[in-house]
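Participant: Got a structure for you, target-v8.txt, holding compact mmCIF, C-alpha atoms.
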```
# COMPACT_ATOMS: atom_id res chain seq x y z
CA MET P 1 -55.39 9.90 -61.08
CA TRP P 2 -55.54 11.42 -64.58
CA TYR P 3 -55.08 14.79 -66.23
CA ALA P 4 -58.49 16.13 -67.27
CA PRO P 5 -58.98 18.99 -69.70
CA VAL P 6 -60.22 22.23 -68.13
CA GLY P 7 -63.86 21.91 -67.11
CA GLU P 8 -64.02 18.12 -67.20
CA LYS P 9 -64.61 16.19 -63.97
CA ASP P 10 -64.09 12.59 -62.96
CA ILE P 11 -67.39 10.74 -63.39
CA PHE P 12 -67.71 7.46 -61.48
CA SER P 13 -68.98 4.44 -63.37
CA TRP P 14 -68.65 0.68 -63.19
CA TYR P 15 -68.21 0.92 -66.95
CA ARG P 16 -65.55 2.77 -68.93
CA SER P 17 -66.00 6.42 -68.09
CA ASN P 18 -65.00 9.84 -69.40
CA ASP P 19 -61.37 9.31 -68.34
CA PHE P 20 -60.90 6.49 -70.83
CA ASP P 21 -59.50 8.34 -73.85
CA HIS P 22 -57.39 10.66 -71.70
CA VAL P 23 -55.75 7.80 -69.80
CA ALA P 24 -55.12 6.05 -73.13
CA ALA P 25 -53.30 9.15 -74.40
CA GLU P 26 -51.15 9.29 -71.26
CA VAL P 27 -50.20 5.64 -71.72
CA LYS P 28 -49.37 6.21 -75.37
CA ALA P 29 -47.07 9.11 -74.47
CA VAL P 30 -45.05 6.87 -72.16
CA ARG P 31 -44.84 3.95 -74.56
CA ASP P 32 -44.03 6.10 -77.62
CA SER P 33 -41.82 8.82 -76.16
CA VAL P 34 -41.70 10.01 -72.53
CA GLY P 35 -44.01 10.78 -69.63
CA LEU P 36 -43.60 12.24 -66.15
CA ILE P 37 -45.39 11.28 -62.94
CA GLU P 38 -45.01 12.57 -59.40
CA ILE P 39 -43.93 9.93 -56.87
CA SER P 40 -43.96 12.00 -53.68
CA SER P 41 -46.72 9.79 -52.25
CA PHE P 42 -44.27 6.93 -51.78
CA ALA P 43 -42.79 6.49 -48.32
CA ASN P 44 -39.02 6.60 -48.10
CA TYR P 45 -36.49 6.09 -45.34
CA THR P 46 -32.76 6.44 -44.73
CA ILE P 47 -31.00 3.83 -42.58
CA THR P 48 -27.57 4.64 -41.20
CA GLY P 49 -25.19 3.48 -38.48
CA ALA P 50 -22.48 0.88 -37.95
CA GLY P 51 -25.07 -1.90 -37.73
CA ALA P 52 -27.28 -0.79 -40.63
CA GLN P 53 -26.29 -3.45 -43.15
CA ASN P 54 -26.50 -6.37 -40.72
CA TRP P 55 -29.85 -5.12 -39.44
CA LEU P 56 -31.29 -4.80 -42.95
CA ASP P 57 -29.96 -8.25 -43.81
CA ARG P 58 -32.12 -9.66 -41.03
CA MET P 59 -35.16 -7.44 -41.64
CA LEU P 60 -35.36 -8.02 -45.40
CA ALA P 61 -35.47 -11.30 -47.31
CA CYS P 62 -33.32 -10.10 -50.24
CA LYS P 63 -29.58 -9.95 -50.70
CA ILE P 64 -28.12 -6.58 -49.74
CA PRO P 65 -27.02 -4.85 -52.97
CA PRO P 66 -23.48 -3.53 -53.39
CA GLU P 67 -22.77 0.19 -53.20
CA GLY P 68 -24.47 2.17 -55.95
CA ARG P 69 -27.02 -0.52 -56.69
CA MET P 70 -30.69 -1.18 -55.92
CA THR P 71 -32.80 -4.30 -55.52
CA LEU P 72 -36.40 -5.23 -54.86
CA ALA P 73 -36.72 -6.15 -51.21
CA PRO P 74 -39.59 -8.17 -49.73
CA MET P 75 -40.07 -7.95 -45.97
CA LEU P 76 -41.68 -10.87 -44.15
CA LYS P 77 -43.37 -11.63 -40.85
CA ASP P 78 -42.27 -14.52 -38.66
CA ASP P 79 -44.84 -16.73 -40.40
CA GLY P 80 -43.24 -16.01 -43.79
CA LYS P 81 -46.05 -13.78 -45.09
CA VAL P 82 -45.23 -10.57 -46.96
CA ILE P 83 -45.56 -7.35 -44.97
CA GLY P 84 -43.46 -5.07 -47.14
CA ASP P 85 -42.44 -4.59 -50.77
CA PHE P 86 -39.57 -2.10 -51.06
CA THR P 87 -36.83 -0.82 -53.29
CA LEU P 88 -33.58 -0.97 -51.31
CA ALA P 89 -30.61 1.15 -52.39
CA ASN P 90 -27.04 1.04 -51.05
CA LEU P 91 -25.66 4.60 -50.85
CA GLY P 92 -22.27 3.61 -49.46
CA GLN P 93 -21.05 5.95 -46.74
CA ASN P 94 -24.45 7.68 -46.77
CA GLY P 95 -26.20 4.51 -45.63
CA PHE P 96 -29.22 2.90 -47.25
CA PHE P 97 -32.33 4.31 -48.89
CA ILE P 98 -35.67 2.50 -48.91
CA ALA P 99 -38.80 3.42 -50.89
CA GLY P 100 -42.15 1.73 -50.41
CA SER P 101 -45.88 2.18 -49.97
CA GLY P 102 -46.92 5.55 -48.60
CA LEU P 103 -50.14 4.11 -47.20
CA ALA P 104 -48.18 1.63 -45.09
CA GLU P 105 -45.58 4.07 -43.72
CA ASP P 106 -46.90 4.14 -40.14
CA TYR P 107 -47.31 0.36 -40.11
CA HIS P 108 -43.83 -0.20 -41.45
CA MET P 109 -42.28 2.27 -39.01
CA ARG P 110 -43.88 0.43 -36.07
CA TRP P 111 -42.35 -2.79 -37.37
CA PHE P 112 -38.94 -1.21 -37.96
CA GLU P 113 -38.81 0.46 -34.55
CA SER P 114 -39.93 -2.66 -32.72
CA HIS P 115 -36.91 -4.49 -34.17
CA LEU P 116 -34.20 -1.85 -33.72
CA PRO P 117 -31.18 -3.05 -31.71
CA ASP P 118 -30.74 -1.75 -28.17
CA ASP P 119 -27.17 -0.60 -28.87
CA VAL P 120 -28.29 2.36 -31.05
CA SER P 121 -26.08 1.09 -33.87
CA VAL P 122 -28.92 1.65 -36.34
CA THR P 123 -30.85 4.84 -37.06
CA ILE P 124 -33.88 4.93 -39.33
CA VAL P 125 -35.36 8.22 -40.52
CA PRO P 126 -38.75 8.32 -42.27
CA HIS P 127 -38.65 11.32 -44.58
CA GLY P 128 -42.39 11.88 -44.96
CA ALA P 129 -42.99 15.19 -46.72
CA GLY P 130 -39.27 15.95 -46.43
CA MET P 131 -38.54 13.88 -49.54
CA THR P 132 -40.39 14.38 -52.80
CA GLY P 133 -39.86 13.15 -56.33
CA VAL P 134 -40.85 12.57 -59.91
CA SER P 135 -40.31 9.72 -62.33
CA ILE P 136 -39.78 9.90 -66.07
CA ALA P 137 -40.34 6.89 -68.30
CA GLY P 138 -40.41 5.98 -71.96
CA PRO P 139 -37.94 5.37 -74.80
CA ASN P 140 -36.86 9.04 -74.76
CA ALA P 141 -36.47 9.28 -70.98
CA ARG P 142 -32.68 9.06 -71.16
CA LYS P 143 -32.46 11.90 -73.68
CA VAL P 144 -34.54 14.12 -71.42
CA LEU P 145 -32.50 13.27 -68.32
CA ALA P 146 -29.18 13.66 -70.15
CA SER P 147 -29.99 17.24 -71.07
CA VAL P 148 -30.34 18.30 -67.41
CA ALA P 149 -28.14 15.83 -65.49
CA GLY P 150 -24.78 16.91 -64.12
CA GLU P 151 -23.06 13.73 -65.34
CA SER P 152 -23.39 11.01 -67.96
CA VAL P 153 -26.46 8.80 -67.84
CA GLU P 154 -25.47 6.72 -70.86
CA PRO P 155 -26.12 2.97 -70.47
CA ASP P 156 -22.51 2.07 -69.65
CA ASP P 157 -22.31 4.83 -67.03
CA PHE P 158 -25.74 4.36 -65.46
CA LYS P 159 -26.92 0.79 -65.69
CA PHE P 160 -30.34 -0.63 -64.86
CA MET P 161 -30.95 -0.69 -61.07
CA ALA P 162 -28.09 1.74 -60.43
CA ILE P 163 -28.54 4.72 -58.11
CA LYS P 164 -26.50 7.92 -57.83
CA GLU P 165 -26.52 11.26 -56.11
CA MET P 166 -26.27 13.80 -58.93
CA THR P 167 -27.39 17.28 -59.83
CA ILE P 168 -30.45 17.84 -61.99
CA ALA P 169 -30.27 21.32 -63.51
CA MET P 170 -27.83 22.18 -60.68
CA ALA P 171 -30.22 20.96 -57.96
CA PRO P 172 -29.11 18.03 -55.73
CA ALA P 173 -31.07 14.83 -56.25
CA LEU P 174 -30.93 11.08 -55.78
CA VAL P 175 -31.54 9.33 -59.09
CA GLY P 176 -32.32 5.64 -59.53
CA ARG P 177 -32.60 3.85 -62.83
CA VAL P 178 -35.84 1.98 -62.21
CA SER P 179 -39.45 2.26 -63.37
CA PHE P 180 -42.81 0.71 -62.47
CA THR P 181 -43.99 1.23 -66.07
CA GLY P 182 -41.90 -1.55 -67.60
CA ASP P 183 -40.14 0.97 -69.86
CA LEU P 184 -36.79 2.72 -69.63
CA GLY P 185 -37.20 5.07 -66.69
CA TYR P 186 -35.71 6.94 -63.76
CA GLU P 187 -36.87 7.93 -60.28
CA ILE P 188 -35.62 11.32 -59.13
CA TRP P 189 -35.83 12.07 -55.41
CA CYS P 190 -35.16 15.49 -53.91
CA LYS P 191 -35.97 17.80 -51.03
CA PRO P 192 -39.27 19.66 -51.51
CA GLU P 193 -37.56 23.00 -52.08
CA TYR P 194 -36.05 21.63 -55.30
CA LEU P 195 -39.11 19.79 -56.68
CA ASN P 196 -40.70 22.60 -58.67
CA HIS P 197 -37.36 23.57 -60.20
CA ILE P 198 -36.55 19.98 -61.23
CA PHE P 199 -40.08 19.51 -62.57
CA ASP P 200 -39.88 22.68 -64.68
CA GLU P 201 -36.46 21.77 -66.08
CA LEU P 202 -37.53 18.24 -66.99
CA MET P 203 -40.70 19.48 -68.69
CA ALA P 204 -38.70 22.06 -70.63
CA ALA P 205 -36.13 19.44 -71.66
CA GLY P 206 -38.90 17.08 -72.71
CA LYS P 207 -40.76 19.58 -74.86
CA ASP P 208 -38.97 18.42 -78.03
CA TYR P 209 -40.10 14.86 -77.24
CA ASP P 210 -43.74 15.77 -76.52
CA ILE P 211 -43.37 14.90 -72.86
CA ARG P 212 -46.72 14.41 -71.13
CA LEU P 213 -47.85 14.12 -67.54
CA PHE P 214 -49.44 10.82 -66.57
CA GLY P 215 -51.33 9.77 -63.48
CA SER P 216 -51.98 6.68 -61.39
CA ARG P 217 -54.61 5.25 -63.73
CA ALA P 218 -52.17 5.30 -66.62
CA LEU P 219 -49.50 3.81 -64.34
CA ASN P 220 -51.94 1.02 -63.47
CA ALA P 221 -52.49 0.29 -67.17
CA LEU P 222 -48.74 0.31 -67.80
CA ARG P 223 -47.82 -2.02 -64.93
CA LEU P 224 -50.59 -4.49 -65.89
CA GLU P 225 -48.80 -5.06 -69.22
CA LYS P 226 -45.84 -6.32 -67.18
CA SER P 227 -47.91 -8.27 -64.63
CA TYR P 228 -46.35 -6.13 -61.90
CA GLY P 229 -48.11 -6.54 -58.58
CA SER P 230 -48.75 -3.66 -56.21
CA TRP P 231 -48.86 -3.26 -52.46
CA ALA P 232 -52.28 -3.80 -50.78
CA SER P 233 -53.54 -5.59 -53.90
CA GLU P 234 -51.25 -8.45 -54.91
CA TYR P 235 -48.82 -8.02 -52.03
CA ARG P 236 -50.52 -8.34 -48.64
CA PRO P 237 -49.77 -9.96 -45.26
CA ILE P 238 -52.00 -12.95 -46.12
CA TYR P 239 -49.71 -14.17 -48.91
CA ASP P 240 -46.21 -15.62 -48.83
CA PRO P 241 -43.58 -14.85 -51.51
CA PHE P 242 -44.22 -18.11 -53.37
CA GLU P 243 -47.92 -17.33 -53.67
CA CYS P 244 -47.52 -13.73 -54.83
CA GLY P 245 -44.51 -14.25 -57.11
CA LEU P 246 -41.92 -12.41 -55.01
CA ASP P 247 -39.92 -15.57 -54.34
CA ARG P 248 -37.42 -14.65 -57.07
CA PHE P 249 -36.36 -11.71 -54.91
CA VAL P 250 -35.99 -13.81 -51.76
CA ALA P 251 -32.46 -14.98 -50.96
CA ALA P 252 -33.54 -18.12 -49.12
CA ASP P 253 -29.97 -19.42 -49.23
CA LYS P 254 -28.28 -16.43 -47.61
CA PRO P 255 -26.65 -17.39 -44.29
CA VAL P 256 -28.46 -14.72 -42.28
CA ASP P 257 -31.47 -15.93 -40.31
CA PHE P 258 -33.78 -13.24 -41.68
CA ILE P 259 -37.29 -12.85 -40.29
CA GLY P 260 -39.60 -15.44 -41.83
CA LYS P 261 -36.81 -17.65 -43.18
CA THR P 262 -37.77 -20.74 -41.18
CA ALA P 263 -41.44 -20.48 -42.12
CA LEU P 264 -40.55 -20.23 -45.82
CA GLN P 265 -39.23 -23.79 -45.84
CA SER P 266 -42.74 -25.17 -45.34
CA SER P 267 -44.40 -22.47 -47.48
CA ARG P 268 -42.50 -23.63 -50.55
CA GLN P 269 -43.93 -27.14 -50.20
CA ASN P 270 -47.44 -26.16 -49.07
CA ARG P 271 -48.38 -23.29 -51.36
CA LYS P 272 -52.17 -22.87 -51.32
CA MET P 273 -52.76 -20.05 -53.81
CA SER P 274 -50.87 -18.66 -56.79
CA LEU P 275 -50.99 -15.23 -58.42
CA ARG P 276 -51.79 -15.38 -62.11
CA THR P 277 -52.51 -12.98 -64.98
CA PHE P 278 -55.62 -13.32 -67.12
CA ILE P 279 -56.80 -11.64 -70.32
CA VAL P 280 -60.54 -11.09 -70.05
CA ASP P 281 -63.05 -10.96 -72.90
CA VAL P 282 -64.88 -7.68 -72.18
CA GLU P 283 -67.02 -5.08 -73.91
CA ASN P 284 -67.19 -1.80 -72.00
CA ALA P 285 -66.18 -2.68 -68.44
CA ASP P 286 -62.92 -3.94 -66.97
CA PRO P 287 -61.98 -5.90 -63.84
CA VAL P 288 -61.03 -3.84 -60.81
CA SER P 289 -60.69 -6.14 -57.78
CA ASP P 290 -62.55 -8.85 -55.87
CA GLU P 291 -64.39 -10.19 -58.91
CA PRO P 292 -64.80 -13.99 -58.71
CA ILE P 293 -62.60 -16.20 -60.89
CA TYR P 294 -64.28 -19.37 -62.15
CA HIS P 295 -62.64 -22.56 -63.35
CA ASN P 296 -64.80 -25.15 -65.10
CA GLY P 297 -67.92 -23.45 -63.80
CA GLU P 298 -66.95 -23.17 -60.13
CA VAL P 299 -65.65 -20.16 -58.20
CA LYS P 300 -62.02 -20.91 -57.40
CA GLY P 301 -60.36 -17.53 -56.79
CA TRP P 302 -60.61 -13.76 -56.90
CA VAL P 303 -59.22 -10.78 -58.80
CA SER P 304 -56.70 -8.74 -56.83
CA SER P 305 -56.49 -5.86 -59.35
CA GLY P 306 -57.12 -5.18 -63.00
CA GLY P 307 -58.02 -2.79 -65.77
CA LEU P 308 -57.46 -2.15 -69.44
CA ALA P 309 -53.86 -2.38 -70.61
CA HIS P 310 -54.26 0.45 -73.10
CA GLY P 311 -50.95 -0.20 -74.82
CA SER P 312 -51.91 -3.77 -75.68
CA GLY P 313 -55.61 -3.10 -76.07
CA VAL P 314 -56.72 -5.91 -73.78
CA SER P 315 -58.39 -6.14 -70.39
CA VAL P 316 -56.13 -7.63 -67.72
CA ALA P 317 -56.89 -9.18 -64.35
CA LEU P 318 -54.34 -10.23 -61.77
CA GLY P 319 -55.76 -12.70 -59.30
CA TYR P 320 -55.29 -15.61 -56.96
CA VAL P 321 -56.32 -19.17 -57.77
CA PRO P 322 -55.52 -22.52 -56.10
CA ALA P 323 -51.95 -23.61 -56.78
CA GLU P 324 -53.00 -27.04 -58.04
CA ILE P 325 -54.92 -25.54 -61.00
CA ALA P 326 -52.92 -22.33 -61.48
CA ASP P 327 -51.30 -23.52 -64.70
CA GLU P 328 -54.43 -24.93 -66.34
CA ALA P 329 -54.67 -23.36 -69.79
CA ALA P 330 -58.44 -23.60 -70.30
CA GLY P 331 -61.71 -23.35 -68.41
CA TRP P 332 -61.36 -19.84 -66.95
CA GLU P 333 -64.03 -17.18 -66.55
CA ILE P 334 -64.18 -13.93 -64.60
CA GLU P 335 -67.45 -12.34 -63.53
CA LEU P 336 -67.91 -8.67 -64.41
CA ILE P 337 -71.05 -6.79 -63.35
CA GLY P 338 -73.05 -9.98 -62.97
CA GLU P 339 -71.93 -11.65 -66.19
CA ARG P 340 -69.28 -14.30 -66.63
CA ARG P 341 -66.71 -13.43 -69.26
CA ASN P 342 -64.24 -15.79 -70.89
CA ALA P 343 -60.67 -15.43 -69.66
CA ARG P 344 -57.38 -16.92 -70.72
CA LEU P 345 -54.20 -17.46 -68.76
CA GLN P 346 -51.39 -15.08 -69.75
CA THR P 347 -48.12 -16.81 -68.92
CA THR P 348 -45.69 -14.09 -70.07
CA ALA P 349 -45.73 -10.30 -69.84
CA LEU P 350 -47.76 -8.62 -72.56
CA LEU P 351 -45.02 -6.06 -73.02
CA ASP P 352 -41.37 -6.87 -73.54
CA PRO P 353 -41.25 -10.24 -71.73
CA ASP P 354 -37.46 -10.32 -72.03
CA ASN P 355 -37.11 -6.90 -70.32
CA ILE P 356 -35.12 -5.41 -73.17
CA LYS P 357 -36.80 -1.99 -72.95
CA ILE P 358 -36.28 -1.42 -69.24
CA ARG P 359 -32.63 -2.52 -69.49
CA SER P 360 -31.83 -0.62 -72.69
```
Have the structure of the file written as structure tokens, please.
Facilitator:
Amino acid sequence: MWYAPVGEKDIFSWYRSNDFDHVAAEVKAVRDSVGLIEISSFANYTITGAGAQNWLDRMLACKIPPEGRMTLAPMLKDDGKVIGDFTLANLGQNGFFIAGSGLAEDYHMRWFESHLPDDVSVTIVPHGAGMTGVSIAGPNARKVLASVAGESVEPDDFKFMAIKEMTIAMAPALVGRVSFTGDLGYEIWCKPEYLNHIFDELMAAGKDYDIRLFGSRALNALRLEKSYGSWASEYRPIYDPFECGLDRFVAADKPVDFIGKTALQSSRQNRKMSLRTFIVDVENADPVSDEPIYHNGEVKGWVSSGGLAHGSGVSVALGYVPAEIADEAAGWEIELIGERRNARLQTTALLDPDNIKIRS
């Protein structure tokens, strides 16, 4: 969750606790230079076989990326609600690679296996503890990676949302140019026997750039600046893509009759709730989840997740409100620890709304 100095423990509080300054320093390291986080808790799968691409085209609502590329890939139920939020990568002759929520791995595998074709043309392998990884992010992330990578990672050679099998300090790894922080970043996946070696080499290469480890609380603060939703908070099986903002990754016009496609036609016209970002006027406590959202004095919605966006110095809440008032500029309040606090609608990302950093 966060990297505490020796002898300091995590102290629970509804208010800002003893982790506050340490998380802020982790965030600053990522935004100013480079940070490293372990991502082994994510679930990942390899899909192979002659029917793999056609099967994925039906299982996922996105367009299948070309070889060497990745895309964000929502997965829907028959009723059009979101049951998965993945990164899908096309590895060419080595099949496809999917990364998603570790907490939902068993659930997702039941869904995958229940839809496998009878002709054994598709094989899906959940890697579990057999695939581990780290991610580096920040403006100096490329310099760190370049010093240990077995090939060029310059922008023209390794574009945003590209993925390659390459060596990292002579160890085999799968490297994707993607980051949940909103900054320039890379995910590096490898077998567990190579993880410590890759970690040590990256930390050594990052020493000149003051590389720092960061945890999930810092990652939460970083993704809030980009209004990035997360699985089990913003993305859940009770919301459809139009409600939770994943509709831009849904290829509703692709010819394949993917699961949930028919239901989406009515969802577009009958959206009930909409996910929105709010900046909350706070003192020493921040939204977490399930706090009521008021509009003109009446409870209209709820917070799905939140916290302090340390980089921007403001308290952020992501939450669901009725679609018919979702774009109202004024009249918002969010209740924190029994007190209503003024809130304002944030219509663009706090950080880099044009995505220049992450694509640099």
Participant: Using all atoms listed in the file, can you tell me which of P:Gly150, P:Gly306, P:Gly130, P:Gly84 comes closest to Met109 (chain P)?
Facilitator: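 Selected residue with least distance to Met109 (chain P): P:Gly84.
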Participant: By how many Å are CA of Phe214 (chain P) and CA of Val27 (chain P) apart?
Facilitator: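 These two atoms are separated by 7.3 Å.
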Participant: Counting all atoms listed in the file, which residue out of P:Tyr3, P:Phe278, P:Trp111, P:Trp55 sits closest to Glu225 (chain P)?
Facilitator: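 Closest candidate: P:Phe278.
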Participant: Kindly give the distance, in Å, that separates CA of Ile293 (chain P) and CA of Ala330 (chain P), rounded to a single decimal.
Facilitator: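 Result for CA of Ile293 (chain P) versus CA of Ala330 (chain P): 12.7 Å, one decimal.
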Participant: For a cut-off of 10 Å around (-32.9, 0.1, -72.4), file coordinates, pick out all residues using only C-alpha atoms and list them as JSON, numbers by chain.
Facilitator: {"P": [138, 139, 141, 142, 155, 159, 160, 183, 184, 185, 355, 356, 357, 358, 359, 360]}
Participant: Can you write out as CSV which residues of region 227-284 of chain P fall within 12 Å of region 10-23 of chain P, alongside each residue's closest atom pair and its distance in Å to one decimal, counting all atoms listed in the file and ordering rows by chain and ascending residue number?
Facilitator:
```
residue,atom,partner,partner_atom,distance
P:Val282,CA,P:Tyr15,CA,10.6
P:Glu283,CA,P:Tyr15,CA,9.3
P:Asn284,CA,P:Arg16,CA,5.7
```
Participant: Convert the current residue selection to file output with C-alpha atoms, as a PDB file, in the coordinates of the input.
Facilitator:
```
ATOM      1  CA  VAL P 282     -64.880  -7.680 -72.180  1.00  0.00           C
ATOM      2  CA  GLU P 283     -67.020  -5.080 -73.910  1.00  0.00           C
ATOM      3  CA  ASN P 284     -67.190  -1.800 -72.000  1.00  0.00           C
TER       4      ASN P 284
END
```
Participant: Rounded to one decimal place, report the CA of Gly338 (chain P)-CA of Ala221 (chain P) distance in Å.
Facilitator: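 CA of Gly338 (chain P) sits 23.4 Å away from CA of Ala221 (chain P).
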Participant: Which one is closest to Gly51 (chain P): P:Ser121, P:Thr71, P:Thr262, P:Ser233? Count all atoms listed in the file.
Facilitator: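 Answer, going by the shortest atom-to-atom distance: P:Ser121.
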Participant: With all atoms listed in the file as the counted atoms, please give the residues lying no more than 9 Å from Gly176 (chain P), apart from itself and same-chain residues fewer than 5 positions off, as a list in words.
Facilitator: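 In the requested format, the answer is Arg69, Met70, Ala89, Phe158, Phe160, Met161, Ala162, Ile163, Lys164, Glu165, Gly185, Tyr186, Glu187, Ile188 and Trp189 of chain P.
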Participant: Keeping C-alpha atoms, export the residues of the selection given above as a PDB file, keeping the file's coordinate frame.
Facilitator:
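Result file is result-v2.pdb:
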```pdb
ATOM      1  CA  ARG P  69     -27.020  -0.520 -56.690  1.00  0.00           C
ATOM      2  CA  MET P  70     -30.690  -1.180 -55.920  1.00  0.00           C
ATOM      3  CA  ALA P  89     -30.610   1.150 -52.390  1.00  0.00           C
ATOM      4  CA  PHE P 158     -25.740   4.360 -65.460  1.00  0.00           C
ATOM      5  CA  PHE P 160     -30.340  -0.630 -64.860  1.00  0.00           C
ATOM      6  CA  MET P 161     -30.950  -0.690 -61.070  1.00  0.00           C
ATOM      7  CA  ALA P 162     -28.090   1.740 -60.430  1.00  0.00           C
ATOM      8  CA  ILE P 163     -28.540   4.720 -58.110  1.00  0.00           C
ATOM      9  CA  LYS P 164     -26.500   7.920 -57.830  1.00  0.00           C
ATOM     10  CA  GLU P 165     -26.520  11.260 -56.110  1.00  0.00           C
ATOM     11  CA  GLY P 185     -37.200   5.070 -66.690  1.00  0.00           C
ATOM     12  CA  TYR P 186     -35.710   6.940 -63.760  1.00  0.00           C
ATOM     13  CA  GLU P 187     -36.870   7.930 -60.280  1.00  0.00           C
ATOM     14  CA  ILE P 188     -35.620  11.320 -59.130  1.00  0.00           C
ATOM     15  CA  TRP P 189     -35.830  12.070 -55.410  1.00  0.00           C
TER      16      TRP P 189
END
```
Participant: Nearest residue to Trp2 (chain P) out of P:Asp119, P:Arg217, P:Met59, P:Gly100, using all atoms listed in the file?
Facilitator: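 Of P:Asp119, P:Arg217, P:Met59, P:Gly100, the one nearest Trp2 (chain P), counting all atoms listed in the file, is P:Arg217.
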Participant: What lies within 8 Å of Ala50 (chain P) using only C-alpha atoms, ignoring chain neighbours under 2 positions off, as a list in words?
Facilitator: Thr48, Ala52, Gln53, Ser121 and Val122 of chain P
Participant: When distances are computed from only C-alpha atoms, which of P:Val280, P:Val125, P:Ala349, P:Ala61 shows the smallest separation from Ala99 (chain P)?
Facilitator: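 Going through P:Val280, P:Val125, P:Ala349, P:Ala61 one by one, the smallest distance to Ala99 (chain P) is for P:Val125.
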Participant: Padding of 8 Å on every side, edges along x, y and z, all listed atoms of region 93-111 of chain P included: what centre and edge lengths in Å, to one decimal, does that box have, as JSON?
Facilitator:
```
{"center_x": -35.6, "center_y": 2.4, "center_z": -43.5, "size_x": 45.1, "size_y": 26.5, "size_z": 30.8}
```
Participant: P:Met131, P:Leu308, P:Ile47, P:Ala263: which is nearest Phe112 (chain P), counting only C-alpha atoms?
Facilitator: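 The closest residue to Phe112 (chain P) is P:Ile47.
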